[in-house]
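Listing of coords00.cif; format and content: mmCIF, C-alpha atoms and all ligand atoms.
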data_model
#
loop_
_atom_site.label_atom_id
_atom_site.label_comp_id
_atom_site.auth_asym_id
_atom_site.auth_seq_id
_atom_site.Cartn_x
_atom_site.Cartn_y
_atom_site.Cartn_z
CA MET H 1 7.24 -28.02 14.80
CA HIS H 2 4.38 -29.16 12.61
CA HIS H 3 1.91 -32.02 12.49
CA PHE H 4 2.50 -33.42 9.02
CA GLN H 5 4.37 -36.66 9.71
CA TYR H 6 4.68 -40.14 8.26
CA GLN H 7 3.30 -43.15 10.05
CA ASP H 8 4.06 -46.44 8.30
CA ASN H 9 5.03 -44.57 5.13
CA ILE H 10 1.73 -42.69 4.97
CA LEU H 11 1.65 -38.95 5.47
CA TYR H 12 -0.71 -37.84 8.21
CA CYS H 13 -2.04 -34.47 9.23
CA GLU H 14 -2.29 -34.81 13.01
CA ASN H 15 -4.10 -38.17 13.35
CA VAL H 16 -5.72 -38.27 9.95
CA PRO H 17 -4.15 -40.17 7.04
CA ILE H 18 -4.08 -37.77 4.09
CA PRO H 19 -5.14 -40.42 1.52
CA ASN H 20 -8.45 -40.74 3.38
CA ILE H 21 -9.10 -37.03 2.94
CA ALA H 22 -8.19 -37.16 -0.74
CA ALA H 23 -10.54 -40.10 -1.25
CA GLU H 24 -13.39 -38.13 0.25
CA VAL H 25 -12.91 -34.62 -1.17
CA GLY H 26 -10.84 -35.22 -4.30
CA THR H 27 -7.75 -33.23 -5.23
CA PRO H 28 -6.27 -30.66 -5.20
CA PHE H 29 -6.88 -29.11 -1.78
CA TYR H 30 -5.22 -27.05 0.91
CA LEU H 31 -4.93 -28.75 4.28
CA TYR H 32 -4.13 -27.08 7.59
CA SER H 33 -3.35 -28.48 11.00
CA HIS H 34 -5.27 -26.77 13.77
CA ALA H 35 -2.72 -27.84 16.39
CA THR H 36 0.12 -26.40 14.32
CA LEU H 37 -1.63 -23.09 13.72
CA LYS H 38 -2.32 -22.77 17.42
CA HIS H 39 1.16 -23.83 18.43
CA HIS H 40 2.80 -21.38 16.03
CA PHE H 41 0.68 -18.47 17.17
CA LEU H 42 1.22 -19.19 20.86
CA THR H 43 4.95 -19.80 20.42
CA PHE H 44 5.36 -16.48 18.66
CA ASP H 45 3.19 -14.53 21.06
CA SER H 46 4.64 -16.03 24.23
CA ALA H 47 8.18 -15.32 23.01
CA PHE H 48 7.35 -11.71 23.89
CA ASP H 49 6.14 -12.49 27.40
CA GLY H 50 7.23 -9.86 29.86
CA ILE H 51 6.66 -6.94 27.54
CA ASP H 52 3.56 -5.04 26.58
CA ARG H 53 2.70 -6.12 23.03
CA LEU H 54 -0.01 -6.90 20.54
CA VAL H 55 0.58 -9.53 17.88
CA CYS H 56 -1.44 -8.52 14.82
CA PHE H 57 -1.66 -11.47 12.43
CA SER H 58 -1.11 -10.32 8.85
CA VAL H 59 -4.34 -11.34 7.14
CA LYS H 60 -2.92 -11.28 3.65
CA ALA H 61 -0.93 -14.44 4.36
CA ASN H 62 -4.15 -16.40 4.89
CA ASN H 63 -7.64 -14.98 5.21
CA ASN H 64 -9.79 -18.06 5.71
CA ILE H 65 -12.41 -17.13 8.28
CA ALA H 66 -11.99 -20.30 10.33
CA ILE H 67 -8.27 -19.63 10.66
CA LEU H 68 -8.90 -15.99 11.53
CA LYS H 69 -11.40 -17.08 14.14
CA LEU H 70 -8.82 -19.34 15.74
CA PHE H 71 -6.35 -16.46 16.03
CA ALA H 72 -9.06 -14.16 17.41
CA SER H 73 -9.75 -16.74 20.10
CA LEU H 74 -6.05 -16.82 20.98
CA GLY H 75 -6.01 -13.06 21.60
CA SER H 76 -4.47 -11.95 18.33
CA GLY H 77 -5.01 -8.61 16.66
CA LEU H 78 -4.95 -8.13 12.90
CA ASP H 79 -2.87 -6.32 10.34
CA ILE H 80 -5.06 -5.62 7.32
CA VAL H 81 -4.35 -4.17 3.88
CA SER H 82 -7.84 -3.79 2.44
CA GLY H 83 -11.49 -3.18 3.23
CA GLY H 84 -12.17 -6.81 2.41
CA GLU H 85 -9.69 -7.96 5.04
CA LEU H 86 -11.33 -5.62 7.56
CA TYR H 87 -14.72 -7.08 6.71
CA LYS H 88 -13.48 -10.65 7.12
CA GLY H 89 -11.61 -9.83 10.31
CA LEU H 90 -14.71 -8.32 11.92
CA LYS H 91 -16.82 -11.28 10.78
CA ALA H 92 -14.25 -13.60 12.35
CA GLY H 93 -14.77 -11.86 15.69
CA PHE H 94 -11.81 -9.48 15.99
CA SER H 95 -12.60 -6.30 17.82
CA ALA H 96 -11.80 -3.24 15.75
CA ASP H 97 -9.54 -1.83 18.43
CA LYS H 98 -7.06 -4.63 17.73
CA ILE H 99 -6.93 -3.95 14.00
CA ILE H 100 -4.26 -1.93 12.26
CA TYR H 101 -4.43 -0.92 8.64
CA SER H 102 -1.33 -0.95 6.39
CA GLY H 103 -0.93 -0.53 2.64
CA VAL H 104 0.08 2.18 0.17
CA GLY H 105 -3.23 2.47 -1.64
CA LYS H 106 -6.11 2.83 0.81
CA ARG H 107 -9.27 3.98 -0.98
CA ILE H 108 -11.72 6.47 0.50
CA ASP H 109 -14.45 3.87 0.97
CA GLU H 110 -11.96 1.66 2.79
CA ILE H 111 -10.75 4.52 4.97
CA ASP H 112 -14.35 5.44 5.86
CA PHE H 113 -15.16 1.83 6.74
CA ALA H 114 -12.13 1.64 9.04
CA LEU H 115 -12.94 5.00 10.66
CA LYS H 116 -16.53 4.01 11.30
CA MET H 117 -15.48 0.70 12.83
CA GLY H 118 -12.92 2.45 15.04
CA ILE H 119 -9.74 0.54 14.23
CA LEU H 120 -6.68 0.89 16.44
CA MET H 121 -4.63 2.79 13.87
CA PHE H 122 -3.76 3.52 10.28
CA ASN H 123 -0.19 2.96 9.19
CA ILE H 124 0.28 5.97 6.94
CA GLU H 125 2.39 5.40 3.85
CA SER H 126 2.37 8.84 2.17
CA MET H 127 1.73 12.49 2.95
CA GLU H 128 -1.23 12.56 0.58
CA GLU H 129 -2.78 9.64 2.39
CA LEU H 130 -2.38 11.52 5.69
CA GLU H 131 -4.32 14.49 4.31
CA VAL H 132 -7.07 12.25 2.93
CA ILE H 133 -7.47 10.41 6.22
CA ASN H 134 -7.68 13.71 8.07
CA GLU H 135 -10.35 14.96 5.65
CA ARG H 136 -12.39 11.78 5.90
CA ALA H 137 -12.14 11.79 9.70
CA ALA H 138 -13.36 15.41 9.72
CA ILE H 139 -16.35 14.51 7.56
CA LEU H 140 -17.22 11.56 9.79
CA ASN H 141 -16.54 13.55 12.94
CA LYS H 142 -13.88 11.13 14.11
CA LYS H 143 -10.29 11.24 15.12
CA ALA H 144 -8.00 8.88 13.23
CA SER H 145 -5.18 7.32 15.22
CA ILE H 146 -2.11 6.94 13.09
CA SER H 147 1.45 5.85 12.84
CA PHE H 148 3.80 6.51 9.97
CA ARG H 149 5.29 3.58 8.19
CA VAL H 150 8.85 4.67 7.73
CA ASN H 151 11.24 3.18 5.30
CA PRO H 152 14.49 2.59 7.19
CA ASP H 153 16.45 1.67 4.03
CA VAL H 154 17.70 -1.67 5.29
CA ASP H 155 18.32 -4.62 3.05
CA PRO H 156 16.41 -7.64 4.33
CA LYS H 157 18.41 -9.92 1.98
CA THR H 158 15.35 -11.66 0.64
CA HIS H 159 13.75 -11.96 -2.81
CA PRO H 160 13.52 -8.51 -4.46
CA TYR H 161 9.75 -8.85 -4.88
CA ILE H 162 9.31 -9.20 -1.13
CA SER H 163 11.83 -6.61 0.10
CA THR H 164 9.89 -3.58 1.16
CA GLY H 165 12.20 -1.45 3.28
CA LEU H 166 14.64 -0.16 0.69
CA LYS H 167 14.66 3.43 -0.57
CA LYS H 168 13.68 2.25 -4.04
CA ASN H 169 10.58 0.39 -2.75
CA LYS H 170 7.11 1.93 -2.92
CA PHE H 171 6.42 1.41 0.77
CA GLY H 172 6.51 3.80 3.69
CA ILE H 173 7.99 7.25 3.80
CA ASN H 174 11.65 8.01 3.80
CA ILE H 175 12.94 7.98 7.35
CA GLU H 176 14.62 11.37 6.94
CA LYS H 177 11.29 12.88 5.89
CA ALA H 178 9.36 11.28 8.72
CA ILE H 179 9.91 14.13 11.17
CA GLU H 180 8.28 16.53 8.72
CA GLY H 181 5.41 14.11 8.34
CA TYR H 182 4.87 13.88 12.07
CA LYS H 183 5.01 17.66 12.41
CA ARG H 184 2.34 18.00 9.77
CA ALA H 185 0.22 15.29 11.40
CA LYS H 186 0.41 17.15 14.69
CA GLU H 187 -1.22 20.18 13.08
CA LEU H 188 -4.17 18.20 11.79
CA GLN H 189 -7.27 18.31 13.93
CA HIS H 190 -8.61 14.90 13.12
CA ILE H 191 -5.38 13.00 13.45
CA GLU H 192 -3.98 11.54 16.61
CA ILE H 193 -0.38 10.40 16.47
CA ILE H 194 0.12 7.20 18.41
CA GLY H 195 2.64 5.06 16.61
CA LEU H 196 5.76 4.51 14.59
CA ASP H 197 5.90 1.61 12.15
CA CYS H 198 8.07 -0.23 9.66
CA HIS H 199 7.90 -3.49 7.74
CA ILE H 200 11.05 -4.29 5.83
CA GLY H 201 10.17 -7.40 3.89
CA SER H 202 9.19 -11.02 4.03
CA GLN H 203 10.91 -14.39 4.45
CA ILE H 204 13.79 -12.76 6.32
CA THR H 205 16.17 -15.36 7.66
CA GLU H 206 18.56 -13.25 9.74
CA ILE H 207 18.10 -11.10 12.82
CA LYS H 208 20.39 -8.29 11.74
CA PRO H 209 18.02 -6.50 9.30
CA PHE H 210 15.35 -6.39 12.02
CA GLU H 211 17.85 -4.98 14.49
CA ASP H 212 19.04 -2.36 12.00
CA ALA H 213 15.45 -1.30 11.44
CA ILE H 214 14.70 -1.06 15.16
CA ILE H 215 17.83 1.01 15.77
CA SER H 216 16.65 3.48 13.10
CA LEU H 217 13.16 3.54 14.55
CA LYS H 218 14.48 4.14 18.03
CA SER H 219 16.52 7.12 16.99
CA LEU H 220 13.45 8.54 15.29
CA TYR H 221 11.45 7.82 18.43
CA ASN H 222 13.91 9.90 20.44
CA GLU H 223 13.94 12.74 17.92
CA LEU H 224 10.16 12.83 18.05
CA LYS H 225 10.22 12.86 21.81
CA ASN H 226 12.49 15.92 21.71
CA ILE H 227 9.84 17.81 19.77
CA ASP H 228 7.12 16.66 22.11
CA ILE H 229 5.64 13.96 19.92
CA ASN H 230 5.17 10.93 22.11
CA ILE H 231 4.89 7.57 20.48
CA LYS H 232 2.91 4.92 22.34
CA TYR H 233 3.11 2.06 19.86
CA LEU H 234 6.23 0.81 18.14
CA ASP H 235 5.29 -1.47 15.25
CA ILE H 236 8.14 -3.48 13.78
CA GLY H 237 6.08 -5.24 11.12
CA GLY H 238 6.30 -8.88 10.12
CA GLY H 239 8.67 -10.72 7.88
CA LEU H 240 10.24 -13.43 9.99
CA GLY H 241 11.10 -16.29 7.62
CA ILE H 242 10.40 -19.99 7.84
CA PRO H 243 12.35 -23.05 6.73
CA TYR H 244 11.12 -24.04 3.27
CA SER H 245 14.19 -26.18 2.63
CA ASP H 246 17.52 -25.75 4.37
CA GLU H 247 17.18 -22.15 5.56
CA SER H 248 17.55 -21.70 9.27
CA PRO H 249 15.71 -18.53 10.18
CA PRO H 250 15.89 -17.33 13.77
CA LEU H 251 13.43 -18.98 16.09
CA PRO H 252 10.69 -16.69 17.41
CA SER H 253 12.42 -16.88 20.80
CA ASP H 254 15.73 -15.58 19.38
CA TYR H 255 13.95 -12.92 17.38
CA ALA H 256 11.97 -11.82 20.44
CA LYS H 257 15.06 -11.79 22.62
CA ALA H 258 16.90 -9.48 20.21
CA ILE H 259 13.94 -7.14 19.93
CA LYS H 260 13.32 -7.00 23.66
CA GLN H 261 16.95 -6.04 24.15
CA HIS H 262 16.56 -3.05 21.86
CA ILE H 263 13.30 -1.71 23.21
CA LYS H 264 13.63 -2.40 26.90
CA ASP H 265 14.55 1.21 27.67
CA ILE H 266 11.64 2.82 25.85
CA PRO H 267 8.12 2.82 27.26
CA VAL H 268 6.14 1.68 24.23
CA LYS H 269 3.69 -1.06 23.42
CA LEU H 270 5.22 -3.30 20.79
CA ILE H 271 3.19 -4.30 17.74
CA LEU H 272 4.18 -7.23 15.56
CA GLU H 273 2.66 -8.19 12.23
CA PRO H 274 3.66 -11.80 11.58
CA GLY H 275 2.06 -13.70 8.71
CA ARG H 276 4.17 -16.41 7.15
CA VAL H 277 5.85 -17.55 10.36
CA ILE H 278 2.47 -18.41 11.87
CA VAL H 279 0.69 -20.06 8.95
CA GLY H 280 3.38 -21.04 6.42
CA ASN H 281 4.31 -24.41 7.82
CA SER H 282 0.81 -25.05 9.17
CA GLY H 283 -0.59 -25.89 5.76
CA ILE H 284 0.13 -28.00 2.70
CA LEU H 285 -1.23 -28.33 -0.81
CA VAL H 286 -2.23 -31.86 -1.73
CA CYS H 287 -2.45 -32.78 -5.40
CA LYS H 288 -2.41 -35.83 -7.62
CA VAL H 289 -0.19 -36.97 -10.46
CA LEU H 290 -2.22 -36.91 -13.67
CA TYR H 291 0.42 -38.01 -16.14
CA ARG H 292 4.09 -38.65 -16.60
CA LYS H 293 5.96 -37.68 -19.69
CA SER H 294 9.49 -37.17 -20.80
CA SER H 295 11.20 -35.03 -23.36
CA GLU H 296 14.74 -35.61 -24.55
CA VAL H 297 16.07 -33.50 -21.73
CA LYS H 298 13.45 -33.57 -19.00
CA GLU H 299 11.18 -35.81 -17.02
CA PHE H 300 7.83 -34.23 -16.25
CA VAL H 301 5.35 -35.07 -13.54
CA ILE H 302 2.07 -33.41 -14.46
CA VAL H 303 -0.16 -32.79 -11.47
CA ASP H 304 -3.68 -31.45 -10.98
CA ALA H 305 -2.60 -28.25 -9.18
CA GLY H 306 -1.05 -25.37 -11.05
CA MET H 307 0.20 -21.83 -10.71
CA ASN H 308 -3.38 -20.62 -10.27
CA ASP H 309 -3.57 -22.73 -7.09
CA LEU H 310 -0.09 -21.93 -5.72
CA ILE H 311 1.73 -19.14 -7.48
CA ARG H 312 4.83 -18.82 -5.30
CA PRO H 313 7.12 -21.08 -7.37
CA SER H 314 6.20 -19.23 -10.59
CA LEU H 315 6.23 -15.76 -9.09
CA TYR H 316 9.29 -15.88 -6.85
CA LYS H 317 10.99 -19.11 -7.88
CA ALA H 318 10.03 -20.15 -4.37
CA TYR H 319 11.11 -23.57 -3.18
CA HIS H 320 8.47 -25.85 -1.68
CA GLU H 321 9.43 -29.27 -0.47
CA ILE H 322 7.59 -32.03 -2.33
CA LYS H 323 6.67 -35.17 -0.43
CA PRO H 324 4.92 -38.28 -1.64
CA VAL H 325 1.78 -38.82 0.43
CA ILE H 326 2.50 -42.53 0.35
CA LYS H 327 6.20 -43.31 0.41
CA ASN H 328 7.37 -45.81 -2.11
CA ASN H 329 10.80 -47.32 -2.36
CA ASN H 330 11.30 -46.30 -5.95
CA LYS H 331 14.67 -44.94 -6.93
CA GLU H 332 14.97 -41.17 -6.95
CA ILE H 333 14.86 -39.32 -10.23
CA VAL H 334 15.10 -35.66 -11.19
CA VAL H 335 11.84 -34.19 -12.48
CA ASP H 336 9.92 -31.00 -13.11
CA ILE H 337 6.60 -31.05 -11.31
CA VAL H 338 4.27 -29.03 -13.49
CA GLY H 339 0.62 -28.03 -13.55
CA PRO H 340 -2.04 -28.07 -16.26
CA ILE H 341 -1.84 -24.33 -17.09
CA CYS H 342 -0.74 -23.21 -20.53
CA GLU H 343 2.35 -21.35 -19.33
CA THR H 344 5.94 -22.49 -19.16
CA GLY H 345 6.13 -20.78 -15.78
CA ASP H 346 3.51 -23.17 -14.44
CA PHE H 347 5.56 -25.39 -12.17
CA LEU H 348 5.58 -26.37 -8.52
CA ALA H 349 9.17 -27.62 -8.58
CA CYS H 350 11.97 -27.67 -11.14
CA ASP H 351 14.81 -30.16 -11.42
CA ARG H 352 13.71 -31.78 -8.21
CA LYS H 353 14.92 -35.12 -6.97
CA VAL H 354 11.95 -37.20 -5.87
CA ALA H 355 11.14 -40.86 -5.53
CA ASP H 356 9.79 -41.93 -8.92
CA LEU H 357 6.10 -41.02 -9.04
CA LYS H 358 3.42 -42.55 -11.17
CA LYS H 359 -0.01 -41.64 -12.42
CA GLY H 360 -2.49 -41.43 -9.55
CA ASP H 361 0.08 -40.85 -6.79
CA LEU H 362 -0.67 -38.12 -4.29
CA ILE H 363 1.92 -35.50 -3.49
CA ALA H 364 2.13 -32.92 -0.73
CA VAL H 365 3.54 -29.50 -1.48
CA MET H 366 4.84 -28.53 1.92
CA SER H 367 4.87 -25.10 3.61
CA SER H 368 1.92 -23.82 1.62
CA GLY H 369 -0.15 -22.29 4.42
CA ALA H 370 1.00 -18.71 3.75
CA TYR H 371 0.39 -16.92 0.44
CA GLY H 372 -1.03 -20.17 -0.91
CA TYR H 373 -4.81 -20.09 -1.16
CA ALA H 374 -4.62 -16.34 -0.51
CA MET H 375 -3.00 -15.81 -3.92
CA CYS H 376 -4.94 -18.37 -5.95
CA SER H 377 -7.03 -17.42 -8.96
CA ASN H 378 -9.47 -18.70 -11.54
CA TYR H 379 -6.93 -18.47 -14.35
CA CYS H 380 -7.88 -20.79 -17.19
CA ALA H 381 -11.38 -20.95 -15.68
CA ARG H 382 -10.07 -23.38 -13.12
CA LEU H 383 -12.21 -23.92 -10.06
CA LYS H 384 -10.73 -22.57 -6.86
CA LEU H 385 -9.78 -25.42 -4.61
CA PRO H 386 -11.15 -26.23 -1.16
CA GLU H 387 -9.47 -25.68 2.17
CA LEU H 388 -9.65 -28.17 5.01
CA ILE H 389 -8.49 -28.24 8.56
CA VAL H 390 -7.63 -31.21 10.72
CA SER H 391 -8.00 -31.24 14.45
CA GLY H 392 -6.99 -34.48 16.15
CA ASN H 393 -8.63 -37.30 14.24
CA GLN H 394 -11.23 -35.23 12.40
CA PHE H 395 -11.07 -33.12 9.28
CA HIS H 396 -13.39 -30.27 8.40
CA VAL H 397 -14.01 -28.40 5.18
CA ILE H 398 -13.43 -24.69 5.80
CA ARG H 399 -13.98 -23.67 2.19
CA THR H 400 -15.77 -25.74 -0.39
CA ARG H 401 -14.44 -26.42 -3.84
CA GLU H 402 -15.93 -24.11 -6.44
CA ILE H 403 -18.34 -25.53 -8.96
CA TYR H 404 -18.76 -24.51 -12.60
CA GLU H 405 -21.68 -22.18 -11.80
CA ASP H 406 -19.34 -20.13 -9.59
CA LEU H 407 -17.35 -19.24 -12.69
CA LEU H 408 -20.30 -17.29 -14.05
CA LYS H 409 -21.72 -15.80 -10.89
CA ASN H 410 -20.52 -12.24 -11.50
CA GLU H 411 -20.61 -12.22 -15.27
CA LEU H 412 -23.27 -10.61 -17.43
CA ILE H 413 -24.06 -10.59 -21.10
CA PRO H 414 -25.39 -7.15 -22.08
CA GLN H 415 -28.90 -7.05 -23.49
CA PHE H 416 -27.79 -5.97 -26.97
CA MET H 417 -25.70 -9.11 -27.33
CA LEU H 418 -28.46 -11.50 -26.50
C1 LIG G 501 2.83 -8.83 4.22
C2 LIG G 501 2.96 -7.96 5.40
C3 LIG G 501 3.21 -8.50 6.66
C4 LIG G 501 3.44 -9.97 6.89
O1 LIG G 501 4.63 -10.42 6.34
P1 LIG G 501 5.14 -11.91 6.63
O2 LIG G 501 6.40 -12.00 5.87
O3 LIG G 501 4.11 -12.84 6.13
O4 LIG G 501 5.35 -12.03 8.10
C5 LIG G 501 3.26 -7.64 7.73
N1 LIG G 501 3.08 -6.30 7.59
C6 LIG G 501 2.84 -5.75 6.38
C7 LIG G 501 2.64 -4.29 6.28
C8 LIG G 501 2.77 -6.55 5.25
O5 LIG G 501 2.53 -5.99 4.06
#

Exercise: express the given structure as structure tokens:
Amino acid sequence: MHHFQYQDNILYCENVPIPNIAAEVGTPFYLYSHATLKHHFLTFDSAFDGIDRLVCFSVKANNNIAILKLFASLGSGLDIVSGGELYKGLKAGFSADKIIYSGVGKRIDEIDFALKMGILMFNIESMEELEVINERAAILNKKASISFRVNPDVDPKTHPYISTGLKKNKFGINIEKAIEGYKRAKELQHIEIIGLDCHIGSQITEIKPFEDAIISLKSLYNELKNIDINIKYLDIGGGLGIPYSDESPPLPSDYAKAIKQHIKDIPVKLILEPGRVIVGNSGILVCKVLYRKSSEVKEFVIVDAGMNDLIRPSLYKAYHEIKPVIKNNNKEIVVDIVGPICETGDFLACDRKVADLKKGDLIAVMSSGAYGYAMCSNYCARLKLPELIVSGNQFHVIRTREIYEDLLKNELIPQFML
């Protein structure tokens, strides 16, 4: 369920007509619905009622501080992949003991920061990383709680760029090698083993890959138990997909039901790392048609948002539904909706059937709340766009639009060139 609906042919976010927002702040912008964010988080979390769990929102999907603060207030933990995400999470009010740290390339300064703050655990992705974390913990006179991210070699059947649990992927450690890893970790003085983790990919639309992964994890759990390594936290990562067009991913309730079934006989606290499923359909990108043009073979709709604002279509050929903000009754035509960037890959939609759009029309790029703003850039010296949130009949700016001065704020001209 989301709160982007038409009333009298005008698209609203909750009770606010989107054209009113565009008139006030200009385009393009990201727009989130507070009620949807809250509903998605609570629906996901409550699907696991009855079992001991911690939902750790995956910050990389959306790191706006206002959104993080909302999740903190709802009892969420965080899954981070960088020092910057740790910094923002703490600023948003998360307590460190609800933060877990994933990622294959943790730097020493980032590890030290996390150790000093006392995060819940590190998800270790290589044996070298384990040794470094032990060394850093020794220097700081701390004990680092860890889990290993194992790679269960299951195919999540999603886009190759977002599959992470196959043997050929860079993530985690091979599940057959995990026992050795745990044995080594047990010898290290500044390491405390508490968990077992996997994350097999993103935008997964079936339950089976998750079940296959849990079955592998459970057998590892039992093997570890036999050698007196007792796992307290079982982390099954994120990755649950959302409907972008006609996919029908499992509902959180079905997903939770399947998982509960598999872990009911083991006394662990479950950790989940959802990102997209919470924020994806809670946000949209609103932009404006700048020009129309046609070539012999194509109709183009040129809009004021490009691949620097939303890279998913260019990067993964991702499908985002396109909706006119004000419905017209024009006949439908097939168009490419493209941005202003000087790249052929700069499109938001290709060969898409939409009601004929004209210069000045507003369009909504749906399902843009996850990996939308989080992946935007200043490519072509374009100003990063603002983010807004609606609650009821009010909208609030939660990130201002950049101004030209921002483009120079970290740049220097060396003395000799002046
Ligand atoms: C990206 C990521 C997630 C979140 O994935 P979603 O598909 O957005 O749910 C969770 N855990 C890890 C380790 C990740 O890298």

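Atom pair atom CA of Glu180 of chain H / atom CA of Glu129 of chain H has a distance of 14.5 Å (rounded to one decimal).
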
Nearby polymer residues, ligand LIG 501 (chain G), at most 7 Å, all atoms listed in the file, as number ranges by chain: H: 58, 60-61, 79, 102-103, 199, 201-203, 237-241, 273-277

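Atom pair atom CA of Met121 of chain H / atom CA of Lys170 of chain H: separated by 20.5 Å.
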
Skip Ile322 of chain H itself and residues of its chain fewer than 6 positions away, then list as number ranges by chain all residues within 8 Å of it, counting all atoms listed in the file. H: 349, 354, 363-366

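Proximity ranking of H:Arg149, H:Lys288, H:Arg401, H:Lys298 relative to Leu234 of chain H places H:Arg149 first, based on only C-alpha atoms.
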
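Shortest separation to Asp155 of chain H among H:Ile204, H:Ile124, H:Cys198, H:Ile311 occurs at residue H:Ile204, atoms counted being all atoms listed in the file.
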
Box time for segment 385-394 of chain H: axis-aligned, enclosing all its listed atoms, 4 Å extra on each side; report centre and edge lengths in Å to one decimal, as lines of an AutoDock Vina configuration file.
center_x = -9.1
center_y = -31.4
center_z = 5.8
size_x = 12.2
size_y = 19.9
size_z = 28.8

Hey, what's within 8 Å of Asp97 of chain H if we count only C-alpha atoms and toss same-chain stuff fewer than 2 positions away? As a ChimeraX atom specification, please? /H:95,99,118-120

Could you add the missing atoms to segment 332-344 of chain H, up to N, CA, C and O atoms, and return them as a compact mmCIF listing (two decimals), in the frame of the given file?
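Result file is part_5.txt:
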# COMPACT_ATOMS: atom_id res chain seq x y z
N GLU H 332 15.23 -42.60 -6.75
CA GLU H 332 14.97 -41.17 -6.95
C GLU H 332 15.35 -40.74 -8.35
O GLU H 332 16.36 -41.20 -8.90
N ILE H 333 14.54 -39.88 -8.92
CA ILE H 333 14.86 -39.32 -10.23
C ILE H 333 14.67 -37.80 -10.16
O ILE H 333 14.04 -37.29 -9.24
N VAL H 334 15.21 -37.12 -11.17
CA VAL H 334 15.10 -35.66 -11.19
C VAL H 334 13.98 -35.28 -12.16
O VAL H 334 14.00 -35.69 -13.32
N VAL H 335 13.01 -34.51 -11.66
CA VAL H 335 11.84 -34.19 -12.48
C VAL H 335 11.46 -32.72 -12.34
O VAL H 335 11.88 -32.04 -11.40
N ASP H 336 10.64 -32.26 -13.28
CA ASP H 336 9.92 -31.00 -13.11
C ASP H 336 8.49 -31.39 -12.74
O ASP H 336 7.89 -32.22 -13.42
N ILE H 337 7.99 -30.80 -11.68
CA ILE H 337 6.60 -31.05 -11.31
C ILE H 337 5.80 -29.87 -11.81
O ILE H 337 6.01 -28.73 -11.36
N VAL H 338 4.94 -30.12 -12.78
CA VAL H 338 4.27 -29.03 -13.49
C VAL H 338 2.76 -29.18 -13.40
O VAL H 338 2.24 -30.26 -13.15
N GLY H 339 2.08 -28.03 -13.60
CA GLY H 339 0.62 -28.03 -13.55
C GLY H 339 0.01 -28.07 -14.93
O GLY H 339 0.72 -28.13 -15.94
N PRO H 340 -1.33 -27.97 -14.99
CA PRO H 340 -2.04 -28.07 -16.26
C PRO H 340 -2.18 -26.77 -17.03
O PRO H 340 -2.79 -26.75 -18.10
N ILE H 341 -1.65 -25.66 -16.48
CA ILE H 341 -1.84 -24.33 -17.09
C ILE H 341 -0.95 -24.16 -18.32
O ILE H 341 0.16 -24.67 -18.35
N CYS H 342 -1.47 -23.38 -19.27
CA CYS H 342 -0.74 -23.21 -20.53
C CYS H 342 0.32 -22.12 -20.42
O CYS H 342 0.25 -21.10 -21.10
N GLU H 343 1.25 -22.30 -19.51
CA GLU H 343 2.35 -21.35 -19.33
C GLU H 343 3.58 -22.17 -18.97
O GLU H 343 3.49 -23.08 -18.15
N THR H 344 4.71 -21.79 -19.53
CA THR H 344 5.94 -22.49 -19.16
C THR H 344 6.29 -22.24 -17.70
O THR H 344 6.91 -23.07 -17.04
